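What follows is the content of input13.cif (mmCIF, C-alpha atoms).
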```cif
data_data
loop_
_atom_site.label_atom_id
_atom_site.label_comp_id
_atom_site.auth_asym_id
_atom_site.auth_seq_id
_atom_site.Cartn_x
_atom_site.Cartn_y
_atom_site.Cartn_z
CA MET A 1 21.94 3.33 77.70
CA SER A 2 21.56 -0.43 78.08
CA GLU A 3 24.82 -2.36 78.17
CA LEU A 4 23.48 -4.35 75.22
CA PHE A 5 23.74 -1.19 73.09
CA GLN A 6 26.82 0.35 74.67
CA ASP A 7 28.27 2.84 72.23
CA GLN A 8 31.87 2.76 71.07
CA PRO A 9 34.14 5.77 71.59
CA LEU A 10 34.78 8.25 68.81
CA ASN A 11 38.16 7.35 67.34
CA VAL A 12 40.15 10.05 65.55
CA ALA A 13 43.73 9.43 64.47
CA GLY A 14 44.11 6.66 67.02
CA ARG A 15 42.72 8.72 69.91
CA GLN A 16 39.47 7.82 71.65
CA PHE A 17 36.86 10.29 72.85
CA THR A 18 33.62 9.90 74.77
CA SER A 19 32.07 13.20 73.68
CA ARG A 20 30.90 13.56 70.08
CA LEU A 21 30.59 17.33 70.31
CA LEU A 22 33.57 19.43 69.23
CA VAL A 23 33.51 23.14 70.02
CA GLY A 24 35.32 26.27 68.93
CA THR A 25 36.72 29.14 70.97
CA GLY A 26 35.90 32.16 68.82
CA LYS A 27 33.25 34.89 69.10
CA TYR A 28 32.74 34.78 72.88
CA LYS A 29 32.76 38.03 74.84
CA ASP A 30 35.82 36.94 76.83
CA PHE A 31 37.91 33.93 77.83
CA ASP A 32 35.86 33.40 80.99
CA GLU A 33 32.69 32.84 78.96
CA THR A 34 34.66 30.64 76.57
CA ALA A 35 35.81 28.42 79.42
CA GLN A 36 32.33 28.18 80.96
CA ALA A 37 30.68 27.25 77.66
CA ILE A 38 33.27 24.60 76.84
CA GLU A 39 32.88 23.12 80.31
CA ALA A 40 29.09 22.96 79.88
CA SER A 41 29.40 21.36 76.43
CA GLY A 42 31.27 18.34 77.75
CA ALA A 43 33.54 18.55 74.70
CA GLU A 44 36.94 16.91 74.73
CA ILE A 45 38.23 18.37 71.45
CA VAL A 46 38.50 22.16 71.23
CA THR A 47 39.39 23.95 68.02
CA PHE A 48 40.86 27.42 67.57
CA ALA A 49 42.07 29.60 64.71
CA VAL A 50 45.86 29.70 64.82
CA ARG A 51 45.99 33.07 63.07
CA ARG A 52 43.63 34.72 65.59
CA THR A 53 44.64 33.10 68.87
CA ASN A 54 47.43 33.91 71.29
CA LEU A 55 49.12 30.76 72.53
CA GLY A 56 51.91 32.62 74.26
CA GLN A 57 53.57 34.18 71.23
CA ASN A 58 52.23 37.58 72.38
CA ALA A 59 53.28 37.95 76.01
CA ASP A 60 51.10 41.02 76.70
CA GLU A 61 47.82 39.40 75.56
CA PRO A 62 45.55 36.81 77.26
CA ASN A 63 46.68 33.27 76.48
CA LEU A 64 44.06 30.73 75.43
CA LEU A 65 46.04 27.95 77.11
CA ASP A 66 45.41 29.63 80.48
CA VAL A 67 41.72 28.70 80.24
CA ILE A 68 41.79 25.70 77.88
CA SER A 69 44.32 23.33 79.35
CA PRO A 70 46.09 20.98 76.91
CA GLU A 71 46.21 18.47 79.76
CA ARG A 72 42.42 18.33 79.87
CA TYR A 73 41.41 18.99 76.26
CA THR A 74 42.70 17.81 72.90
CA LEU A 75 43.57 20.99 71.04
CA LEU A 76 42.64 21.18 67.37
CA PRO A 77 44.39 24.12 65.68
CA ASN A 78 42.62 25.16 62.50
CA THR A 79 43.54 27.16 59.43
CA ALA A 80 40.55 29.53 59.45
CA GLY A 81 41.28 32.62 57.39
CA CYS A 82 43.50 30.82 54.87
CA TYR A 83 42.65 31.10 51.18
CA THR A 84 45.56 29.18 49.64
CA ALA A 85 47.16 25.82 50.26
CA LYS A 86 50.46 27.58 50.91
CA ASP A 87 49.02 29.69 53.74
CA ALA A 88 47.19 26.71 55.26
CA VAL A 89 50.33 24.55 55.32
CA ARG A 90 52.37 27.37 56.81
CA THR A 91 49.72 27.90 59.52
CA CYS A 92 49.71 24.22 60.48
CA LYS A 93 53.50 24.23 60.77
CA LEU A 94 53.27 27.29 63.03
CA ALA A 95 50.77 25.48 65.24
CA ARG A 96 53.07 22.47 65.44
CA GLU A 97 55.91 24.71 66.55
CA LEU A 98 53.83 26.57 69.15
CA LEU A 99 52.37 23.34 70.55
CA ASP A 100 55.59 21.32 70.80
CA GLY A 101 55.15 18.99 67.85
CA HIS A 102 51.34 18.72 67.88
CA LYS A 103 50.19 16.79 64.76
CA LEU A 104 46.37 16.89 64.82
CA VAL A 105 45.02 19.82 62.77
CA LYS A 106 41.80 20.95 61.16
CA LEU A 107 42.41 22.00 57.57
CA GLU A 108 40.16 24.56 55.95
CA VAL A 109 41.01 26.52 52.82
CA LEU A 110 38.34 29.08 51.93
CA GLY A 111 37.28 30.18 48.48
CA ASP A 112 36.16 33.77 49.17
CA THR A 113 35.31 36.18 51.96
CA ASP A 114 31.58 36.36 51.17
CA THR A 115 30.56 32.71 51.46
CA LEU A 116 33.58 31.19 53.24
CA TYR A 117 32.87 28.17 51.05
CA PRO A 118 35.75 25.69 50.83
CA ASN A 119 38.13 25.90 47.88
CA VAL A 120 38.29 22.22 47.05
CA VAL A 121 41.29 22.46 44.69
CA GLU A 122 43.44 24.23 47.28
CA THR A 123 42.13 21.97 50.06
CA LEU A 124 43.26 18.85 48.20
CA LYS A 125 46.66 20.39 47.54
CA ALA A 126 47.13 21.38 51.18
CA ALA A 127 45.96 17.99 52.43
CA ASP A 128 48.55 16.22 50.29
CA GLU A 129 51.38 18.40 51.64
CA LEU A 130 50.32 18.10 55.27
CA LEU A 131 49.85 14.34 55.13
CA LYS A 132 53.25 13.95 53.50
CA ASP A 133 54.72 16.00 56.36
CA GLY A 134 53.24 13.72 59.03
CA PHE A 135 50.19 15.69 60.13
CA ASP A 136 46.90 14.06 61.15
CA VAL A 137 44.40 16.02 59.05
CA MET A 138 40.75 16.59 59.83
CA VAL A 139 39.44 18.43 56.79
CA TYR A 140 36.60 20.90 56.21
CA THR A 141 35.00 20.41 52.81
CA SER A 142 31.87 20.84 50.71
CA ASP A 143 28.93 18.45 50.81
CA ASP A 144 30.09 16.78 47.58
CA PRO A 145 30.28 12.99 48.21
CA ILE A 146 32.97 12.54 45.53
CA VAL A 147 35.26 15.13 47.08
CA ALA A 148 34.67 13.74 50.57
CA LYS A 149 35.66 10.26 49.44
CA GLU A 150 38.74 11.59 47.65
CA LEU A 151 39.95 13.33 50.82
CA GLU A 152 39.47 10.08 52.72
CA LYS A 153 41.41 8.12 50.08
CA ARG A 154 44.32 10.54 50.34
CA GLY A 155 44.62 9.80 54.04
CA CYS A 156 42.68 12.41 55.99
CA CYS A 157 41.75 11.03 59.41
CA ALA A 158 38.32 12.71 59.43
CA VAL A 159 36.17 14.42 56.82
CA MET A 160 34.04 17.42 57.83
CA PRO A 161 31.42 18.53 55.26
CA LEU A 162 29.49 21.72 55.89
CA GLY A 163 25.85 21.67 56.90
CA SER A 164 25.45 25.18 55.51
CA LEU A 165 27.63 28.28 55.26
CA ILE A 166 29.97 29.01 58.15
CA GLY A 167 28.25 31.09 60.82
CA SER A 168 24.90 31.12 58.97
CA GLY A 169 22.93 29.04 61.46
CA HIS A 170 20.84 27.60 58.61
CA GLY A 171 21.24 24.01 59.74
CA LEU A 172 21.50 21.07 57.34
CA GLN A 173 20.64 22.47 53.92
CA ASN A 174 21.38 19.29 51.97
CA PRO A 175 20.71 16.25 54.17
CA TYR A 176 20.59 13.98 51.11
CA ASN A 177 24.19 14.64 50.15
CA LEU A 178 25.23 14.48 53.79
CA ARG A 179 23.67 11.03 54.01
CA LEU A 180 25.53 9.88 50.89
CA ILE A 181 28.80 11.02 52.44
CA VAL A 182 28.28 9.20 55.72
CA GLU A 183 27.06 6.01 54.03
CA GLN A 184 30.28 5.62 52.03
CA ALA A 185 32.76 6.83 54.65
CA GLU A 186 35.31 4.59 56.33
CA VAL A 187 36.78 7.34 58.51
CA PRO A 188 34.92 9.54 61.02
CA VAL A 189 32.67 12.15 59.42
CA LEU A 190 31.58 15.29 61.23
CA VAL A 191 29.17 18.04 60.29
CA ASP A 192 31.12 21.29 60.43
CA ALA A 193 29.56 24.72 59.87
CA GLY A 194 25.97 25.92 59.76
CA ILE A 195 24.60 24.37 62.94
CA GLY A 196 22.17 26.91 64.40
CA THR A 197 20.51 25.21 67.33
CA ALA A 198 20.31 21.93 69.19
CA SER A 199 17.84 20.28 66.80
CA ASP A 200 20.33 20.76 63.92
CA ALA A 201 22.98 18.90 65.89
CA ALA A 202 20.54 16.11 66.73
CA MET A 203 19.56 15.77 63.06
CA ALA A 204 23.19 15.42 62.01
CA MET A 205 23.72 12.67 64.54
CA GLU A 206 20.50 10.91 63.48
CA LEU A 207 21.87 10.80 59.92
CA GLY A 208 24.72 8.70 61.29
CA TYR A 209 27.43 11.34 61.62
CA ASP A 210 30.13 10.53 64.12
CA ALA A 211 30.21 14.01 65.65
CA VAL A 212 29.45 17.68 65.06
CA LEU A 213 31.56 20.80 65.45
CA VAL A 214 29.81 23.89 66.82
CA ASN A 215 31.02 27.41 67.53
CA SER A 216 28.76 30.26 66.38
CA ALA A 217 25.53 28.62 67.52
CA ILE A 218 26.85 28.54 71.06
CA ALA A 219 28.83 31.79 71.14
CA HIS A 220 26.05 33.86 69.52
CA ALA A 221 23.21 32.44 71.64
CA ARG A 222 21.62 34.79 74.18
CA GLN A 223 22.92 32.44 76.87
CA PRO A 224 25.98 30.67 75.47
CA VAL A 225 26.59 28.43 78.47
CA LEU A 226 23.01 27.18 78.42
CA MET A 227 23.19 26.58 74.66
CA ALA A 228 26.41 24.63 75.12
CA GLN A 229 24.59 22.37 77.55
CA ALA A 230 21.70 21.98 75.09
CA MET A 231 24.12 21.01 72.31
CA ARG A 232 25.67 18.34 74.51
CA LYS A 233 22.26 16.80 75.19
CA ALA A 234 21.21 17.06 71.53
CA VAL A 235 24.32 15.24 70.30
CA GLU A 236 23.82 12.50 72.86
CA ALA A 237 20.11 12.12 71.99
CA GLY A 238 20.76 12.13 68.24
CA ARG A 239 23.44 9.48 68.59
CA GLU A 240 21.18 7.23 70.67
CA ALA A 241 18.33 7.68 68.18
CA PHE A 242 20.62 6.66 65.33
CA LEU A 243 21.77 3.56 67.20
CA ALA A 244 18.19 2.68 68.17
CA GLY A 245 16.94 2.94 64.57
CA ARG A 246 13.85 5.00 63.79
CA MET A 247 10.48 3.46 63.03
CA PRO A 248 9.62 3.06 59.33
CA ARG A 249 7.64 5.88 57.71
CA ARG A 250 4.12 4.82 56.67
CA GLN A 251 1.61 6.16 54.17
CA SER A 252 -1.35 5.64 56.49
CA ALA A 253 -2.06 5.78 60.18
CA GLU A 254 -1.52 2.79 62.44
CA PRO A 255 -3.06 2.69 65.92
CA SER A 256 -0.74 2.60 68.91
CA SER A 257 -2.91 -0.08 70.51
CA PRO A 258 -4.18 -3.17 68.62
CA PHE A 259 -7.93 -3.58 67.94
CA ALA A 260 -7.80 -7.28 68.80
CA GLY A 261 -9.00 -8.03 72.29
CA ARG A 262 -10.45 -4.61 72.96
CA ILE A 263 -13.41 -4.16 75.30
CA ASN A 264 -16.60 -3.28 73.39
CA GLY A 265 -18.89 -0.69 74.86
#
```
For this file, produce the structure as structure tokens.
Amino acid sequence: MSELFQDQPLNVAGRQFTSRLLVGTGKYKDFDETAQAIEASGAEIVTFAVRRTNLGQNADEPNLLDVISPERYTLLPNTAGCYTAKDAVRTCKLARELLDGHKLVKLEVLGDTDTLYPNVVETLKAADELLKDGFDVMVYTSDDPIVAKELEKRGCCAVMPLGSLIGSGHGLQNPYNLRLIVEQAEVPVLVDAGIGTASDAAMAMELGYDAVLVNSAIAHARQPVLMAQAMRKAVEAGREAFLAGRMPRRQSAEPSSPFAGRING
């Protein structure tokens, strides 16, 4: 990219990142594939479900930290599998204990097991408790612009509306609401959930989102490492397209070359 249009780093809770692709660690066939895919993605922030991941508390099981080094990556423990504010807060406190005082967390409080849609009431309650306790909260939420703004006002360091249902791969089902959210935001906004392929990630970035979080689309691909590489390129291309500014849409055709000065046959 030209130095004239040099992009600024992604800034989350006072930390700067070059990559705008965040990735998860679940659903891979083994830790070796996990490590290879994350390496190919170029991600700097890696999220994991505290309730489903061994960080050393189970000595006889593989430890995620053996393949995802905290010295290289910023770890983002998340509260996947929590359905109440109480459980989510408890899970974040467990992560802080296991990771020696780690403060950056991804909050998600789910409404039911069928849709995994966020429970907004419980999410707001959990966010208030975690923020009061000194956590830096990145929060998964619905695509409701009012709710997104409320979470920002309460102090969340990043707001993460869904593109579509978790693990569905349906892409951005409501780009109009997603655009409203990003246009009013004063903290980083990330599309979280529903990304199915690289073009979905590029579209999110073209809407002006600061980053995307992807797990299932990479882990469930026929070739996860190759898909991770594709996601990295898509996020970079989408970001550059947003910064460049797309051409205006027109009702009629316009020739690529002007008629004036043409050579007549």
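Residues having any atom no farther than 7 Å from (43.5, 23.4, 50.5) (counting only C-alpha atoms) are Thr84, Ala85, Ala88, Glu108, Val109, Asn119, Val120, Val121, Glu122, Thr123, Leu124, Lys125, Ala126 and Ala127 of chain A.
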message = List the spatial neighbours of A:Leu165 as a PyMOL selection string - criterion: any atom at most 7 Å away, only C-alpha atoms, same-chain residues fewer than 3 positions off excluded.
response = chain A and resi 115-117+162+168+193-194
Which polymer residues have any atom within 12 Å of an atom of A:Thr79, counting all atoms listed in the file, with same-chain residues fewer than 2 positions away left out, as a PDB file with C-alpha atoms, keeping the file's coordinate frame?
```
ATOM      1  CA  THR A  47      39.390  23.950  68.020  1.00  0.00           C
ATOM      2  CA  PHE A  48      40.860  27.420  67.570  1.00  0.00           C
ATOM      3  CA  ALA A  49      42.070  29.600  64.710  1.00  0.00           C
ATOM      4  CA  VAL A  50      45.860  29.700  64.820  1.00  0.00           C
ATOM      5  CA  ARG A  51      45.990  33.070  63.070  1.00  0.00           C
ATOM      6  CA  ARG A  52      43.630  34.720  65.590  1.00  0.00           C
ATOM      7  CA  THR A  53      44.640  33.100  68.870  1.00  0.00           C
ATOM      8  CA  LEU A  76      42.640  21.180  67.370  1.00  0.00           C
ATOM      9  CA  PRO A  77      44.390  24.120  65.680  1.00  0.00           C
ATOM     10  CA  GLY A  81      41.280  32.620  57.390  1.00  0.00           C
ATOM     11  CA  CYS A  82      43.500  30.820  54.870  1.00  0.00           C
ATOM     12  CA  TYR A  83      42.650  31.100  51.180  1.00  0.00           C
ATOM     13  CA  THR A  84      45.560  29.180  49.640  1.00  0.00           C
ATOM     14  CA  ALA A  85      47.160  25.820  50.260  1.00  0.00           C
ATOM     15  CA  LYS A  86      50.460  27.580  50.910  1.00  0.00           C
ATOM     16  CA  ASP A  87      49.020  29.690  53.740  1.00  0.00           C
ATOM     17  CA  ALA A  88      47.190  26.710  55.260  1.00  0.00           C
ATOM     18  CA  VAL A  89      50.330  24.550  55.320  1.00  0.00           C
ATOM     19  CA  ARG A  90      52.370  27.370  56.810  1.00  0.00           C
ATOM     20  CA  THR A  91      49.720  27.900  59.520  1.00  0.00           C
ATOM     21  CA  CYS A  92      49.710  24.220  60.480  1.00  0.00           C
ATOM     22  CA  LYS A  93      53.500  24.230  60.770  1.00  0.00           C
ATOM     23  CA  LEU A  94      53.270  27.290  63.030  1.00  0.00           C
ATOM     24  CA  ALA A  95      50.770  25.480  65.240  1.00  0.00           C
ATOM     25  CA  LEU A 104      46.370  16.890  64.820  1.00  0.00           C
ATOM     26  CA  VAL A 105      45.020  19.820  62.770  1.00  0.00           C
ATOM     27  CA  LYS A 106      41.800  20.950  61.160  1.00  0.00           C
ATOM     28  CA  LEU A 107      42.410  22.000  57.570  1.00  0.00           C
ATOM     29  CA  GLU A 108      40.160  24.560  55.950  1.00  0.00           C
ATOM     30  CA  VAL A 109      41.010  26.520  52.820  1.00  0.00           C
ATOM     31  CA  LEU A 110      38.340  29.080  51.930  1.00  0.00           C
ATOM     32  CA  PRO A 118      35.750  25.690  50.830  1.00  0.00           C
ATOM     33  CA  THR A 123      42.130  21.970  50.060  1.00  0.00           C
ATOM     34  CA  ALA A 126      47.130  21.380  51.180  1.00  0.00           C
ATOM     35  CA  ALA A 127      45.960  17.990  52.430  1.00  0.00           C
ATOM     36  CA  VAL A 137      44.400  16.020  59.050  1.00  0.00           C
ATOM     37  CA  MET A 138      40.750  16.590  59.830  1.00  0.00           C
ATOM     38  CA  VAL A 139      39.440  18.430  56.790  1.00  0.00           C
ATOM     39  CA  TYR A 140      36.600  20.900  56.210  1.00  0.00           C
TER      40      TYR A 140
END
```
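Around the point (24.0, 8.4, 49.9), within 12 Å and counting all atoms listed in the file, we find these residues: Asp143, Asp144, Pro145, Ile146, Ala148, Lys149, Asn174, Pro175, Tyr176, Asn177, Leu178, Arg179, Leu180, Ile181, Val182, Glu183, Gln184, Ala185, Leu207 and Gly208 of chain A.
Closest approach to A:Cys157 among A:Asn78, A:Thr141, A:Asn11, A:Asn215 is made by A:Asn11 (distances from all atoms listed in the file).
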Identify, on the basis of all atoms listed in the file, every residue whose closest approach to A:Lys29 does not exceed 10 Å; exclude the query and any residue fewer than 5 positions from it along the same chain; express the result as number ranges by chain.
-> A: 34, 219-220
Any chance you could resolve the PyMOL selection byres ((chain A and resi 32) around 12) against this file and give the residues as a tab-separated table (two decimals) with C-alpha atoms, keeping the file's coordinate frame?
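Output file out28.tsv follows:
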```tsv
chain	number	residue	atom	x	y	z
A	25	THR	CA	36.72	29.14	70.97
A	28	TYR	CA	32.74	34.78	72.88
A	29	LYS	CA	32.76	38.03	74.84
A	30	ASP	CA	35.82	36.94	76.83
A	31	PHE	CA	37.91	33.93	77.83
A	33	GLU	CA	32.69	32.84	78.96
A	34	THR	CA	34.66	30.64	76.57
A	35	ALA	CA	35.81	28.42	79.42
A	36	GLN	CA	32.33	28.18	80.96
A	37	ALA	CA	30.68	27.25	77.66
A	38	ILE	CA	33.27	24.60	76.84
A	39	GLU	CA	32.88	23.12	80.31
A	62	PRO	CA	45.55	36.81	77.26
A	63	ASN	CA	46.68	33.27	76.48
A	64	LEU	CA	44.06	30.73	75.43
A	66	ASP	CA	45.41	29.63	80.48
A	67	VAL	CA	41.72	28.70	80.24
A	68	ILE	CA	41.79	25.70	77.88
A	224	PRO	CA	25.98	30.67	75.47
A	225	VAL	CA	26.59	28.43	78.47
```
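The space separating atom CA of A:Ala217 from atom CA of A:Val159 comes to 20.7 Å.
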